[in-house]
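All remarks here apply to the structure that follows.
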Amino acid sequence: MHLLRWLGMAAVALAMGGYAHAATVKIGVVLPYSGANADLGHQIDKAFDLYVKLHANDIAPHKVEIIKRDEGPPTGAQAKTVTTELITNDKVQVVTGFVFSPSAIALAPVITQAKVPMIIANAGTAWITNLSPYIVRLSFSMWHPAYPMGAYAYDKIGCKTVAMAYTDFPPGKDSTEAFRTGYEKAGGKIVDSIPMGSPVQVPDFTPFFQKIKDEHPDCMYVFIPSGAHAAGVMKAYGELGMRKAGIKLIGPMDLIPDNKLQDMGEAAIGTIVMGHYARDLDNPQNKAFVAEWHKAYGPDSYPDFMSAAGWDTMHAIFDTIKKLNGDLSDGAKVVDALKGWSTNGPRGHVMIDPATRDIVQDEHAMEVYRQPDGKLGERVLGTVKAVKDECKVLKVGRCAS
Amino acid sequence: MDASETQAVLSARSAARARAADYLARRHRFRWPECLPWLLAIAAFFLLPDRMTFGAQVLIMVMFALSLDLILGYAGIVTLGHAAFFGVGAYTVGLLIARLGYTEPISSLCAAAMVAALIGFGTGWFLLRYRGLTLLMLTLATAIMLQETGNLRSDISGGYDGLPGLTIAPLFGIFQYDLYGHVNYLYVLGVLGLIFFFVRRIVYSPFGQALTGIRENVRRMHAIGSPVHRRLVTVYTIAAAIAGVAGALFTQTNAYVTLAVFDFDVSAKVMVMLILGGTGRLYGAFAGAVVYMVLEDYFSKMSPTFWQFGIGLLLVLTVLFAPRGILGLIEGASGRAARRAGP
Amino acid sequence: MPHIVSIAVSILFDGLAYAMFLFITSVGLSVTMGLMNFVNLAHGAFAMAGGYIVVTLTRSSGVDFVPALIIAAVTVGAASVPFERYLYRRLYKATDLEQVLLTIGLAFMAIAVFTYFYGPIPKSVPLPRWLQGDVNLGFRAFPSYRAFLIVLGAALIAVLWYAFERTNIGAKIRAAVDNRRMAESVGINVDRLFTLTFALGSALAALGGGLAIQLFGLTPSFAVIYLVLFLIVVAVGGLGSLKGTLLAALILGVFDTAGKYLLADAGGFFIYAVTVLVLLVKPAGFYGRE
């Protein structure tokens, strides 16, 4: 009898213990920490660190253990190797980060097989989320800013004709395709579409822009990978005196990443972009986010749209840990917990669409202007509420499956 | 000179000749230390079961470096465009699966080898008339132009987003691939073993000797009537085929391929690995690829941001203290030990 | 047809500015490879270092852009001397492969060190007023910075040409490029000569790095991403030839610009196609020794 009672008590204790057990959730973070794109990884990494630092107590008694790995170049191979090992070797329960779409695409079969959720903090090729039921995206698709920009450019900015110029790789093609779809639907006319070489080429855009200048469209829609190229666009645009010639510069927010805006100078003023984040976005969460950022990283470091997505990504993971009480062993449950998740973050109100596991967020048309303190800022001209990934809504190309 | 002295000279000469002949006959015989890398590779399979994905990547780079050793180490052809053949092999397998739905792994490897060999033959025929920096630039431009062609037709190649979901059929129709990459590791190791055996036969054949001759003194080889260009094109074609197989395995291992396989970085990295290990030594490819990739892996886990410093320092130290590569260092050390132990 | 003329003027102007950047950055590499037969893949790292010195001087110390360029060039030129004396010199007799390994290693280390101090985010440089905006030449306006680049490049070419062709040291360098042993046997101290040209080449690279910030931005990976471009200029021009490097820079700069303007769809094909064509016809480059 004694033995039985003992056993029973032990069982109850185990069950109780299991309930109140303080779990350590292992999170694999895969970002480009080295190489030509290290600055992109940097922006997200800082946001992750900041969130974890400030919100460690939110998930008490549980803890997180972050394991960082270098995503490497945008080939998919290194990202695949390190992430597979994070899963098989380090036994992480969630993988996140992923700046490059090829990384996410290469990994889709792995995470499907391993049943480990992949929470994307950047990679923006639209159809990625269709590749695996374990993919959840907190960042954006190329269509998020580009498609609504089409109608906005025609109706509000007054672009009756547009020339497009883009870096010749998939995000560039996606972005211009999305813009064209929205813009032509609104009644606009695309006069030229110029591929400007692959992302590894010298970012000298002058010849391309000179050609557009000679064509005299109302507006020029430019997509380039947010990084060193963004500054190159603004330099070429300014040097050629295109604004004086009456050609407005428009594009997605990649054109004016916040951490490079102050270096862009006079040429950037008047540029109108569509995007879900800017450092100047006026909402209380963002004010707090930016203040904490400057406190942690100094006044010369700026968060940008990647950082904002990184912050929300970590927020979503923490909320999931709370919701599942530290037990993230079942990948399907994690994904279920994330479906329909919503918050008010630096970007404003964002939500995970339960049907597509992709983000739903507001897109703002923002104009660069000179603030009273002499610095450059962005002001919101108009807002398109609750934008879904239109590529999947309209079932374009690979987004259909 | 009297008769006995002449006799002595003659006998010494014939003894030397016998020794040389003996050396030449024995040189290609199997030596026991050659087992070591293979034993290590098999031991890794049992000791590090969680690291087989990485292990397969290392073996693929070994194979790629081996193909470069054939042309760089043995024939003295310096190229910065070897990624062209790696990429062609990778895309052959990729396109077979994505566009034609053909997933059988081993025949795909053969197809990749053939396509890469064809490209190798075509470009080699034209380019191997050149040497030095000119050849370097021409091979480099070939690889980049292949990449640009791929980007122009991204409807076929998938561009820089690549061809996703390239899952191959089970090996021999039986062995299924798994998340941990166990089957894949053994598969890659098996293919590497076969290719190594083949390469070893080549370098110790008369053809291999002729290549070394070309590397050491092109003019003399011309003078003795050796068909230099034909031999260079032949070895270039063989090396291209092997690089193609390595690329094909790369696609099969990752189930994915993008245009980045043609990157300049890929060509440069394999060359650095080979020089690090030691050129013209067969096992230099093993030592270089393994040391480079393991250290890169180790450093990049230690510091994802600054690991390049460690790799850079390794390369600089190698040049200063082990100019013939890691294998040269080992050979030097064992040679000294042997001399000390000897009479 | 004024439209075609205007296109041609645009292409020539932009191509010329680009060519000047290519020339300034590559000429040092060409001389190093021609004179000592040394493959210096760390050349881009010296350019990158120059760029960061300019950034530091202009941003933190308030030095003007042009003096900062000069200081950067002098500093990097001087700093390159110990590298040459204590590291490169050991490998002059070594094979190309060892030189490649050493200099790639140095470039990797430089990238890591500069990332540590400056971070990976692209840097820009504040320009003085007179380099912003454009200058009007009567028939049309040109961007001031590019005009500055062309003028500076032309001036440098004149100075280098004079030094190379008309001075004693220049004659010695040419003699050493042509036949090193002969030069040594007539009493030219080739070692010292090489230290000098190496420092000059590195200084020019640093100047090119400083000038490139405004064109392409500056990150630590500058050390390797444009290396292929520099090597192409050197190969097409011919090793160790000032004239050849200039011609190669001009042709590649103008053709690349024209290709971008007129045939954007062909993408990066153009510059490589030109390279292959030139090298197939003239394997040693325009002015290299066959």
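Every chain in the structure tokens has a letter given in the order shown (A, B, ...), and although residue numbers restart at 1 in each chain, ligands are simply numbered from 1 in the order shown.
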
### Task
Do a neighbour search on Ser241 in chain C at 8 Å with only C-alpha atoms, toss out local chain neighbours closer than 5 positions, and write the hits as a ChimeraX atom specification.
/C:30-31,34,287-288

#### Entry: Exercise: range 174-183 of chain C partners within 12 Å, only C-alpha atoms, chain neighbours under 2 positions left out, as a VMD selection string
chain C and resid 30 to 37 161 163 to 172 185 to 194 197 238 to 242 288 to 290

Selection to disk with C-alpha atoms, as an mmCIF file, in the first residue's frame:
```
data_model
loop_
_atom_site.group_PDB
_atom_site.id
_atom_site.type_symbol
_atom_site.label_atom_id
_atom_site.label_comp_id
_atom_site.auth_asym_id
_atom_site.auth_seq_id
_atom_site.Cartn_x
_atom_site.Cartn_y
_atom_site.Cartn_z
ATOM 1 C CA SER C 30 49.705 46.893 -62.253
ATOM 2 C CA VAL C 31 53.125 48.252 -61.384
ATOM 3 C CA THR C 32 53.503 45.848 -58.440
ATOM 4 C CA MET C 33 52.625 42.867 -60.578
ATOM 5 C CA GLY C 34 54.771 44.037 -63.483
ATOM 6 C CA LEU C 35 57.816 45.068 -61.499
ATOM 7 C CA MET C 36 58.158 42.363 -58.894
ATOM 8 C CA ASN C 37 55.862 39.791 -60.425
ATOM 9 C CA TRP C 161 53.519 60.230 -66.909
ATOM 10 C CA ALA C 163 57.587 60.922 -63.303
ATOM 11 C CA PHE C 164 57.623 57.705 -65.290
ATOM 12 C CA GLU C 165 58.956 58.956 -68.588
ATOM 13 C CA ARG C 166 61.014 62.001 -67.735
ATOM 14 C CA THR C 167 62.653 61.466 -64.355
ATOM 15 C CA ASN C 168 65.589 59.379 -63.315
ATOM 16 C CA ILE C 169 63.546 57.223 -60.968
ATOM 17 C CA GLY C 170 60.964 56.627 -63.671
ATOM 18 C CA ALA C 171 63.640 55.452 -66.038
ATOM 19 C CA LYS C 172 64.962 53.092 -63.373
ATOM 20 C CA SER C 185 73.814 44.703 -62.771
ATOM 21 C CA VAL C 186 74.068 48.343 -63.831
ATOM 22 C CA GLY C 187 73.769 49.318 -60.200
ATOM 23 C CA ILE C 188 70.089 50.112 -59.753
ATOM 24 C CA ASN C 189 68.916 49.268 -56.262
ATOM 25 C CA VAL C 190 65.817 47.388 -57.327
ATOM 26 C CA ASP C 191 64.775 46.536 -53.779
ATOM 27 C CA ARG C 192 64.592 50.156 -52.736
ATOM 28 C CA LEU C 193 62.922 51.013 -56.010
ATOM 29 C CA PHE C 194 60.273 48.486 -55.324
ATOM 30 C CA THR C 197 56.710 52.036 -56.084
ATOM 31 C CA GLY C 238 49.187 44.755 -69.600
ATOM 32 C CA LEU C 239 51.360 44.229 -66.535
ATOM 33 C CA GLY C 240 53.428 47.156 -65.378
ATOM 34 C CA SER C 241 52.335 49.521 -68.092
ATOM 35 C CA LEU C 242 51.075 52.976 -67.215
ATOM 36 C CA GLY C 288 52.182 44.047 -71.870
ATOM 37 C CA ARG C 289 55.240 42.127 -72.934
ATOM 38 C CA GLU C 290 54.261 39.082 -74.984
#
```

Which residues of chain B sit at most 8 Å from chain C, using only C-alpha atoms? Give each one's shortest atom pair and distance in Å (one decimal place), in chain and ascending residue order, as CSV.
```
residue,atom,partner,partner_atom,distance
B:Tyr130,CA,C:Pro283,CA,7.0
B:Leu133,CA,C:Ala235,CA,6.5
B:Thr134,CA,C:Pro283,CA,6.0
B:Met137,CA,C:Ile232,CA,6.7
B:Leu138,CA,C:Val276,CA,6.0
B:Ala141,CA,C:Tyr272,CA,5.6
B:Ile144,CA,C:Tyr272,CA,7.8
B:Met145,CA,C:Phe269,CA,6.1
B:Glu148,CA,C:Phe269,CA,6.3
B:Leu152,CA,C:Ala266,CA,7.4
B:Val272,CA,C:Leu101,CA,6.2
B:Ile275,CA,C:Leu97,CA,6.8
B:Leu276,CA,C:Leu101,CA,7.6
B:Thr305,CA,C:Ala112,CA,7.7
B:Phe306,CA,C:Ala112,CA,5.2
B:Trp307,CA,C:Ala112,CA,7.4
B:Gln308,CA,C:Phe108,CA,5.5
B:Phe309,CA,C:Met109,CA,4.3
B:Gly310,CA,C:Met109,CA,7.5
B:Ile311,CA,C:Gly105,CA,7.0
B:Gly312,CA,C:Gly105,CA,3.8
B:Leu313,CA,C:Gly105,CA,6.2
B:Leu314,CA,C:Gly105,CA,7.4
B:Leu315,CA,C:Gly105,CA,5.1
B:Val316,CA,C:Leu102,CA,4.8
B:Val319,CA,C:Leu102,CA,5.9
B:Pro323,CA,C:Glu98,CA,6.8
```

Using only C-alpha atoms, I'd like a table of the residues in chain A that come within 10 Å of chain B; for each, show the closest atom pair and its distance in Å rounded to one decimal, ordered by chain and ascending number, as a Markdown table.
```
| residue | atom | partner | partner_atom | distance |
| --- | --- | --- | --- | --- |
| A:Val30 | CA | B:Pro304 | CA | 9.9 |
| A:Leu31 | CA | B:Pro304 | CA | 9.1 |
| A:Pro32 | CA | B:Pro304 | CA | 8.3 |
| A:Tyr33 | CA | B:Thr305 | CA | 4.8 |
| A:Ser34 | CA | B:Thr305 | CA | 5.1 |
| A:Gly35 | CA | B:Thr305 | CA | 8.6 |
| A:Ala38 | CA | B:Thr305 | CA | 7.9 |
| A:Gly41 | CA | B:Thr305 | CA | 9.9 |
| A:His42 | CA | B:Thr305 | CA | 9.4 |
| A:Ile67 | CA | B:Lys301 | CA | 9.0 |
| A:Lys68 | CA | B:Pro304 | CA | 7.3 |
| A:Arg69 | CA | B:Pro304 | CA | 6.1 |
| A:Asp70 | CA | B:Pro304 | CA | 5.3 |
| A:Glu71 | CA | B:Pro304 | CA | 9.0 |
| A:Gly72 | CA | B:Pro304 | CA | 9.4 |
| A:Pro73 | CA | B:Ala260 | CA | 8.6 |
| A:Pro74 | CA | B:Ala260 | CA | 7.5 |
| A:Thr75 | CA | B:Ala260 | CA | 5.5 |
| A:Gly76 | CA | B:Thr258 | CA | 7.7 |
| A:Ala77 | CA | B:Asn254 | CA | 6.6 |
| A:Gln78 | CA | B:Phe54 | CA | 9.1 |
| A:Lys80 | CA | B:Asn254 | CA | 7.3 |
| A:Thr81 | CA | B:Phe54 | CA | 6.0 |
| A:Val82 | CA | B:Phe54 | CA | 7.9 |
| A:Thr84 | CA | B:Thr53 | CA | 7.3 |
| A:Glu85 | CA | B:Arg51 | CA | 6.7 |
| A:Leu86 | CA | B:Asp50 | CA | 9.8 |
| A:Ile87 | CA | B:Tyr180 | CA | 9.4 |
| A:Thr88 | CA | B:Asp50 | CA | 6.0 |
| A:Asn89 | CA | B:Asp50 | CA | 5.3 |
| A:Asp90 | CA | B:Asp50 | CA | 9.1 |
| A:Phe100 | CA | B:Asp161 | CA | 9.1 |
| A:Ser101 | CA | B:Asp161 | CA | 6.7 |
| A:Pro102 | CA | B:Asp161 | CA | 5.2 |
| A:Ser103 | CA | B:Asp161 | CA | 9.0 |
| A:Ala104 | CA | B:Asp161 | CA | 9.8 |
| A:Ile105 | CA | B:Pro164 | CA | 6.2 |
| A:Ala106 | CA | B:Tyr256 | CA | 5.7 |
| A:Leu107 | CA | B:Asn254 | CA | 8.7 |
| A:Ala108 | CA | B:Gly165 | CA | 8.0 |
| A:Pro109 | CA | B:Gly165 | CA | 6.8 |
| A:Val110 | CA | B:Leu179 | CA | 6.7 |
| A:Ile111 | CA | B:Leu179 | CA | 9.1 |
| A:Thr112 | CA | B:Leu179 | CA | 10.0 |
| A:Gln113 | CA | B:Leu179 | CA | 6.9 |
| A:Ala114 | CA | B:Leu179 | CA | 7.0 |
| A:Thr125 | CA | B:Asp161 | CA | 8.4 |
| A:Leu131 | CA | B:Gly165 | CA | 8.7 |
| A:Asp168 | CA | B:Asn151 | CA | 8.0 |
| A:Phe169 | CA | B:Tyr160 | CA | 6.0 |
| A:Pro170 | CA | B:Asp161 | CA | 6.0 |
| A:Pro171 | CA | B:Asp161 | CA | 8.6 |
| A:Gly197 | CA | B:Glu148 | CA | 9.2 |
| A:Ser198 | CA | B:Asn151 | CA | 8.4 |
| A:Pro199 | CA | B:Tyr160 | CA | 9.8 |
| A:Val200 | CA | B:Asp263 | CA | 9.6 |
```

### Summary
Counting only C-alpha atoms, the residue among A:Thr83, A:Asn130, A:Ser226, A:Thr176 that lies closest to chain C is A:Ser226

### Message
Give me, as a ChimeraX atom specification, the residues of chain A touching chain C, with the criterion being at most 7 Å (counting only C-alpha atoms).
### Response
/A:35-36,38-39,194-197,203-204,207-208,211,228,231-232,239-240,263

Take the residues from that selection and write them out as a PDB file, in the first residue's frame, keeping C-alpha atoms.
```
ATOM      1  CA  GLY A  35      30.510  39.478 -45.552  1.00  0.00           C
ATOM      2  CA  ALA A  36      29.103  42.169 -47.785  1.00  0.00           C
ATOM      3  CA  ALA A  38      26.704  42.001 -42.559  1.00  0.00           C
ATOM      4  CA  ASP A  39      25.051  45.364 -41.887  1.00  0.00           C
ATOM      5  CA  ILE A 194      15.540  48.795 -66.554  1.00  0.00           C
ATOM      6  CA  PRO A 195      17.458  45.983 -64.865  1.00  0.00           C
ATOM      7  CA  MET A 196      20.531  47.485 -63.211  1.00  0.00           C
ATOM      8  CA  GLY A 197      22.783  44.450 -62.925  1.00  0.00           C
ATOM      9  CA  PRO A 203      26.539  50.221 -57.559  1.00  0.00           C
ATOM     10  CA  ASP A 204      27.073  52.990 -60.070  1.00  0.00           C
ATOM     11  CA  PRO A 207      24.095  55.564 -66.692  1.00  0.00           C
ATOM     12  CA  PHE A 208      20.719  53.973 -65.934  1.00  0.00           C
ATOM     13  CA  LYS A 211      18.694  57.163 -69.578  1.00  0.00           C
ATOM     14  CA  ALA A 228      25.237  50.155 -49.701  1.00  0.00           C
ATOM     15  CA  ALA A 231      23.143  55.520 -50.837  1.00  0.00           C
ATOM     16  CA  GLY A 232      24.293  54.994 -54.429  1.00  0.00           C
ATOM     17  CA  GLU A 239      24.085  64.404 -59.065  1.00  0.00           C
ATOM     18  CA  LEU A 240      22.001  64.195 -62.204  1.00  0.00           C
ATOM     19  CA  ASP A 263      23.934  60.502 -44.945  1.00  0.00           C
TER      20      ASP A 263
END
```

#### Entry: Atomic distance CA of Val233 in chain B - CA of Gly120 in chain B, expressed in Å with one decimal
8.1 Å

### Task
Within 9 Å of Tyr102 in chain B, counting only C-alpha atoms, which residues show up once you throw out same-chain ones fewer than 5 positions away? Write them as an MDAnalysis selection string, please.
chainID B and resid 93 95:97 108 168:169

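Summary of the local environment: counting only C-alpha atoms, residues at most 6 Å from range 267-270 of chain A, other than itself and those fewer than 5 positions away along its chain, are A:Gly238, A:Glu367, A:Val368, A:Tyr369.
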